[in-house]
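Content type PDB, C-alpha atoms, from the file my_file-v8.pdb:
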ATOM      1  CA  MET R 893     102.239 133.931 120.126
ATOM      2  CA  SER R 894     104.654 135.426 117.623
ATOM      3  CA  LYS R 895     103.852 135.561 113.914
ATOM      4  CA  ASN R 896     106.878 133.343 113.198
ATOM      5  CA  LEU R 897     105.481 130.512 115.337
ATOM      6  CA  ILE R 898     102.082 130.831 113.677
ATOM      7  CA  LYS R 899     103.676 130.641 110.234
ATOM      8  CA  MET R 900     105.679 127.564 111.265
ATOM      9  CA  LYS R 901     102.512 125.807 112.395
ATOM     10  CA  GLU R 902     100.838 126.532 109.053
ATOM     11  CA  LYS R 903     103.693 124.997 107.042
ATOM     12  CA  VAL R 904     102.708 121.526 105.933
ATOM     13  CA  ILE R 905     104.783 119.293 103.715
ATOM     14  CA  TYR R 906     102.736 117.436 101.123
ATOM     15  CA  ARG R 907     104.010 113.860 101.048
ATOM     16  CA  GLU R 908     103.046 112.805  97.547
ATOM     17  CA  GLN R 909     104.334 109.225  97.771
ATOM     18  CA  TYR R 910     102.274 108.483 100.880
ATOM     19  CA  MET R 911      99.207 110.220  99.478
ATOM     20  CA  ASN R 912      99.444 108.222  96.246
ATOM     21  CA  LYS R 913      99.614 104.996  98.266
ATOM     22  CA  LEU R 914      96.606 105.988 100.378
ATOM     23  CA  ASN R 915      94.668 107.065  97.278
ATOM     24  CA  SER R 916      95.262 103.641  95.724
ATOM     25  CA  TYR R 917      93.128 102.256  98.593
ATOM     26  CA  LYS R 918      90.600 105.106  98.654
ATOM     27  CA  ASP R 919      87.582 103.276  97.243
ATOM     28  CA  LYS R 920      88.281 100.003  99.018
ATOM     29  CA  ARG R 921      86.178  99.272 102.078
ATOM     30  CA  ILE R 922      89.141  98.675 104.351
ATOM     31  CA  ILE R 923      90.475 100.564 107.329
ATOM     32  CA  LYS R 924      93.423 102.802 106.533
ATOM     33  CA  VAL R 925      96.044 102.981 109.281
ATOM     34  CA  LEU R 926      99.407 104.703 109.342
ATOM     35  CA  ASN R 927     101.933 103.698 111.940
ATOM     36  CA  GLY R 928     105.380 105.003 112.688
ATOM     37  CA  ILE R 929     107.485 106.876 115.178
ATOM     38  CA  ARG R 930     106.045 109.760 117.178
ATOM     39  CA  ARG R 931     105.914 113.195 115.574
ATOM     40  CA  SER R 932     106.643 111.903 112.071
ATOM     41  CA  GLY R 933     103.548 113.396 110.402
ATOM     42  CA  LYS R 934     101.105 110.464 110.454
ATOM     43  CA  SER R 935      98.157 112.557 111.639
ATOM     44  CA  THR R 936      98.983 115.289 109.143
ATOM     45  CA  ILE R 937      99.019 112.810 106.257
ATOM     46  CA  LEU R 938      95.718 111.258 107.359
ATOM     47  CA  ASN R 939      94.160 114.721 107.740
ATOM     48  CA  GLN R 940      95.336 115.613 104.223
ATOM     49  CA  PHE R 941      93.865 112.342 102.952
ATOM     50  CA  LYS R 942      90.585 113.089 104.737
ATOM     51  CA  LYS R 943      90.443 116.605 103.242
ATOM     52  CA  GLU R 944      91.209 115.343  99.732
ATOM     53  CA  SER R 945      88.581 112.622 100.119
ATOM     54  CA  ILE R 946      85.937 115.145 101.170
ATOM     55  CA  ASP R 947      87.006 117.463  98.337
ATOM     56  CA  SER R 948      86.480 114.564  95.905
ATOM     57  CA  ARG R 949      82.928 114.092  97.236
ATOM     58  CA  VAL R 950      83.401 111.368  99.840
ATOM     59  CA  LEU R 951      80.772 112.100 102.474
ATOM     60  CA  GLU R 952      82.326 113.186 105.756
ATOM     61  CA  LYS R 953      79.896 110.924 107.624
ATOM     62  CA  ASN R 954      81.612 107.980 105.896
ATOM     63  CA  ILE R 955      84.979 108.823 107.435
ATOM     64  CA  ILE R 956      85.841 107.667 110.937
ATOM     65  CA  SER R 957      88.855 109.327 112.511
ATOM     66  CA  ILE R 958      90.034 108.342 115.986
ATOM     67  CA  ASN R 959      92.880 109.903 117.950
ATOM     68  CA  PHE R 960      94.015 107.261 120.416
ATOM     69  CA  GLU R 961      96.069 109.815 122.347
ATOM     70  CA  ASP R 962      92.881 111.693 123.242
ATOM     71  CA  ASN R 963      91.831 110.524 126.709
ATOM     72  CA  SER R 964      88.168 110.570 125.711
ATOM     73  CA  ASN R 965      88.941 107.657 123.328
ATOM     74  CA  MET R 966      90.776 105.480 125.865
ATOM     75  CA  GLU R 967      87.965 102.913 126.013
ATOM     76  CA  LEU R 968      88.463 102.294 122.287
ATOM     77  CA  LEU R 969      91.814 100.659 123.072
ATOM     78  CA  ASN R 970      89.682  97.617 123.906
ATOM     79  CA  ALA R 971      89.331  95.616 120.675
ATOM     80  CA  GLN R 972      85.641  94.790 121.168
ATOM     81  CA  LYS R 973      84.711  98.381 122.016
ATOM     82  CA  LEU R 974      86.648  99.646 119.000
ATOM     83  CA  HIS R 975      84.892  97.102 116.771
ATOM     84  CA  ASP R 976      81.487  98.115 118.122
ATOM     85  CA  TYR R 977      82.299 101.814 117.637
ATOM     86  CA  ILE R 978      83.306 101.261 114.003
ATOM     87  CA  ILE R 979      80.243  99.115 113.272
ATOM     88  CA  ASN R 980      77.904 101.646 114.886
ATOM     89  CA  ASN R 981      79.509 104.689 113.248
ATOM     90  CA  GLY R 982      80.473 103.295 109.856
ATOM     91  CA  ILE R 983      78.831 103.508 106.475
ATOM     92  CA  LYS R 984      75.175 102.573 106.696
TER      93      LYS R 984
END
As a first step, turn the structure in this file into C-alpha coordinates.
Amino acid sequence: MSKNLIKMKEKVIYREQYMNKLNSYKDKRIIKVLNGIRRSGKSTILNQFKKESIDSRVLEKNIISINFEDNSNMELLNAQKLHDYIINNGIK
(Lines of atoms letter the chains of each structure in order from A and count residues from 1; the text may use other names and numbers.)
(Lines give C-alpha, C1' and ligand atoms only; values in the text may rest on other atoms or scores of the structure.)
Protein backbone atom coordinates (compact mmCIF):
# COMPACT_ATOMS: atom_id res chain seq x y z
CA MET A 1 0.00 0.00 0.00
CA SER A 2 1.38 3.41 -0.88
CA LYS A 3 2.19 5.99 1.79
CA ASN A 4 -0.41 8.34 0.28
CA LEU A 5 -3.22 5.83 0.86
CA ILE A 6 -2.06 5.23 4.43
CA LYS A 7 -2.03 8.97 5.11
CA MET A 8 -5.53 9.32 3.65
CA LYS A 9 -6.84 6.61 5.95
CA GLU A 10 -5.34 8.37 8.98
CA LYS A 11 -7.06 11.68 8.18
CA VAL A 12 -10.10 12.07 10.38
CA ILE A 13 -12.33 15.11 10.47
CA TYR A 14 -13.39 16.09 13.97
CA ARG A 15 -17.09 16.94 13.82
CA GLU A 16 -17.43 19.26 16.78
CA GLN A 17 -21.18 19.87 16.46
CA TYR A 18 -21.98 16.16 16.54
CA MET A 19 -19.54 15.52 19.37
CA ASN A 20 -21.06 18.33 21.44
CA LYS A 21 -24.52 16.82 20.92
CA LEU A 22 -23.32 13.35 21.92
CA ASN A 23 -21.47 14.76 24.95
CA SER A 24 -24.69 16.42 26.13
CA TYR A 25 -26.06 12.87 26.55
CA LYS A 26 -22.84 11.32 27.88
CA ASP A 27 -23.88 10.77 31.50
CA LYS A 28 -27.44 9.77 30.71
CA ARG A 29 -28.22 6.07 30.85
CA ILE A 30 -29.66 5.92 27.36
CA ILE A 31 -28.49 4.22 24.20
CA LYS A 32 -26.73 6.53 21.77
CA VAL A 33 -27.43 5.79 18.11
CA LEU A 34 -26.37 7.64 15.00
CA ASN A 35 -28.18 6.98 11.77
CA GLY A 36 -27.64 8.33 8.30
CA ILE A 37 -26.55 7.48 4.80
CA ARG A 38 -23.78 4.97 4.17
CA ARG A 39 -20.18 6.15 4.38
CA SER A 40 -21.06 9.46 6.04
CA GLY A 41 -18.81 9.02 9.10
CA LYS A 42 -21.23 7.62 11.69
CA SER A 43 -18.83 4.93 12.91
CA THR A 44 -15.96 7.40 13.01
CA ILE A 45 -17.96 9.82 15.15
CA LEU A 46 -19.04 7.05 17.53
CA ASN A 47 -15.44 5.79 17.77
CA GLN A 48 -14.28 9.33 18.58
CA PHE A 49 -17.01 9.57 21.21
CA LYS A 50 -15.95 6.22 22.67
CA LYS A 51 -12.29 7.30 22.80
CA GLU A 52 -13.15 10.64 24.43
CA SER A 53 -15.38 8.85 26.94
CA ILE A 54 -12.60 6.43 27.89
CA ASP A 55 -10.13 9.33 28.08
CA SER A 56 -12.50 11.06 30.52
CA ARG A 57 -12.51 7.94 32.72
CA VAL A 58 -15.63 6.12 31.52
CA LEU A 59 -14.82 2.45 31.99
CA GLU A 60 -14.52 0.64 28.67
CA LYS A 61 -16.55 -2.25 30.10
CA ASN A 62 -19.48 0.19 30.37
CA ILE A 63 -19.48 0.85 26.63
CA ILE A 64 -21.27 -1.50 24.26
CA SER A 65 -20.43 -1.08 20.59
CA ILE A 66 -22.10 -3.23 17.94
CA ASN A 67 -21.38 -3.23 14.22
CA PHE A 68 -24.51 -4.55 12.55
CA GLU A 69 -22.67 -4.99 9.25
CA ASP A 70 -20.40 -7.59 10.86
CA ASN A 71 -21.85 -11.01 10.04
CA SER A 72 -21.00 -12.30 13.51
CA ASN A 73 -23.63 -9.86 14.89
CA MET A 74 -26.45 -10.85 12.52
CA GLU A 75 -28.46 -12.55 15.27
CA LEU A 76 -28.61 -9.20 17.09
CA LEU A 77 -30.92 -7.89 14.35
CA ASN A 78 -33.62 -9.75 16.29
CA ALA A 79 -35.03 -7.28 18.83
CA GLN A 80 -35.24 -9.79 21.69
CA LYS A 81 -31.70 -11.07 21.14
CA LEU A 82 -30.39 -7.51 20.98
CA HIS A 83 -32.22 -6.66 24.20
CA ASP A 84 -30.82 -9.74 25.94
CA TYR A 85 -27.30 -8.93 24.71
CA ILE A 86 -27.49 -5.37 26.05
CA ILE A 87 -28.92 -6.50 29.40
CA ASN A 88 -26.27 -9.20 29.79
CA ASN A 89 -23.36 -6.98 28.71
CA GLY A 90 -24.40 -3.63 30.15
CA ILE A 91 -23.41 -1.81 33.29
CA LYS A 92 -23.69 -4.08 36.31
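Atom CA of R:Asn963 sits 17.1 Å away from atom CA of R:Arg930.
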Exercise on stretch 960-968 of chain R, axis-aligned box with 4 Å per side, report centre and edge lengths in Å to one decimal, as lines of an AutoDock Vina configuration file:
center_x = 92.0
center_y = 107.0
center_z = 123.6
size_x = 16.1
size_y = 17.4
size_z = 14.3
**OP:** Do a neighbour search on R:Ile958 at 12 Å with only C-alpha atoms, toss out local chain neighbours closer than 4 positions, and write the hits as a PyMOL selection string.
**Re:** chain R and resi 923-925+935+938-939+962-969+974+977-978+981
Deliver the residues from the most recent selection as a file, using C-alpha atoms, as an mmCIF file, in the coordinates of the input.
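The result, written out as result-v4.cif:
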data_model
loop_
_atom_site.group_PDB
_atom_site.id
_atom_site.type_symbol
_atom_site.label_atom_id
_atom_site.label_comp_id
_atom_site.auth_asym_id
_atom_site.auth_seq_id
_atom_site.Cartn_x
_atom_site.Cartn_y
_atom_site.Cartn_z
ATOM 1 C CA ILE R 923 90.475 100.564 107.329
ATOM 2 C CA LYS R 924 93.423 102.802 106.533
ATOM 3 C CA VAL R 925 96.044 102.981 109.281
ATOM 4 C CA SER R 935 98.157 112.557 111.639
ATOM 5 C CA LEU R 938 95.718 111.258 107.359
ATOM 6 C CA ASN R 939 94.160 114.721 107.740
ATOM 7 C CA ASP R 962 92.881 111.693 123.242
ATOM 8 C CA ASN R 963 91.831 110.524 126.709
ATOM 9 C CA SER R 964 88.168 110.570 125.711
ATOM 10 C CA ASN R 965 88.941 107.657 123.328
ATOM 11 C CA MET R 966 90.776 105.480 125.865
ATOM 12 C CA GLU R 967 87.965 102.913 126.013
ATOM 13 C CA LEU R 968 88.463 102.294 122.287
ATOM 14 C CA LEU R 969 91.814 100.659 123.072
ATOM 15 C CA LEU R 974 86.648 99.646 119.000
ATOM 16 C CA TYR R 977 82.299 101.814 117.637
ATOM 17 C CA ILE R 978 83.306 101.261 114.003
ATOM 18 C CA ASN R 981 79.509 104.689 113.248
#
Subject >> atom CA of R:Lys934 to atom CA of R:Asn915, distance in Å rounded to a single decimal >> reply: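 Spanning atom CA of R:Lys934 to atom CA of R:Asn915 is a straight-line distance of 15.1 Å.
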Original post:
Between atom CA of R:Lys942 and atom CA of R:Ile929, what is the distance, to one decimal in Å?
Top reply: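 Separation between atom CA of R:Lys942 and atom CA of R:Ile929: 20.8 Å.
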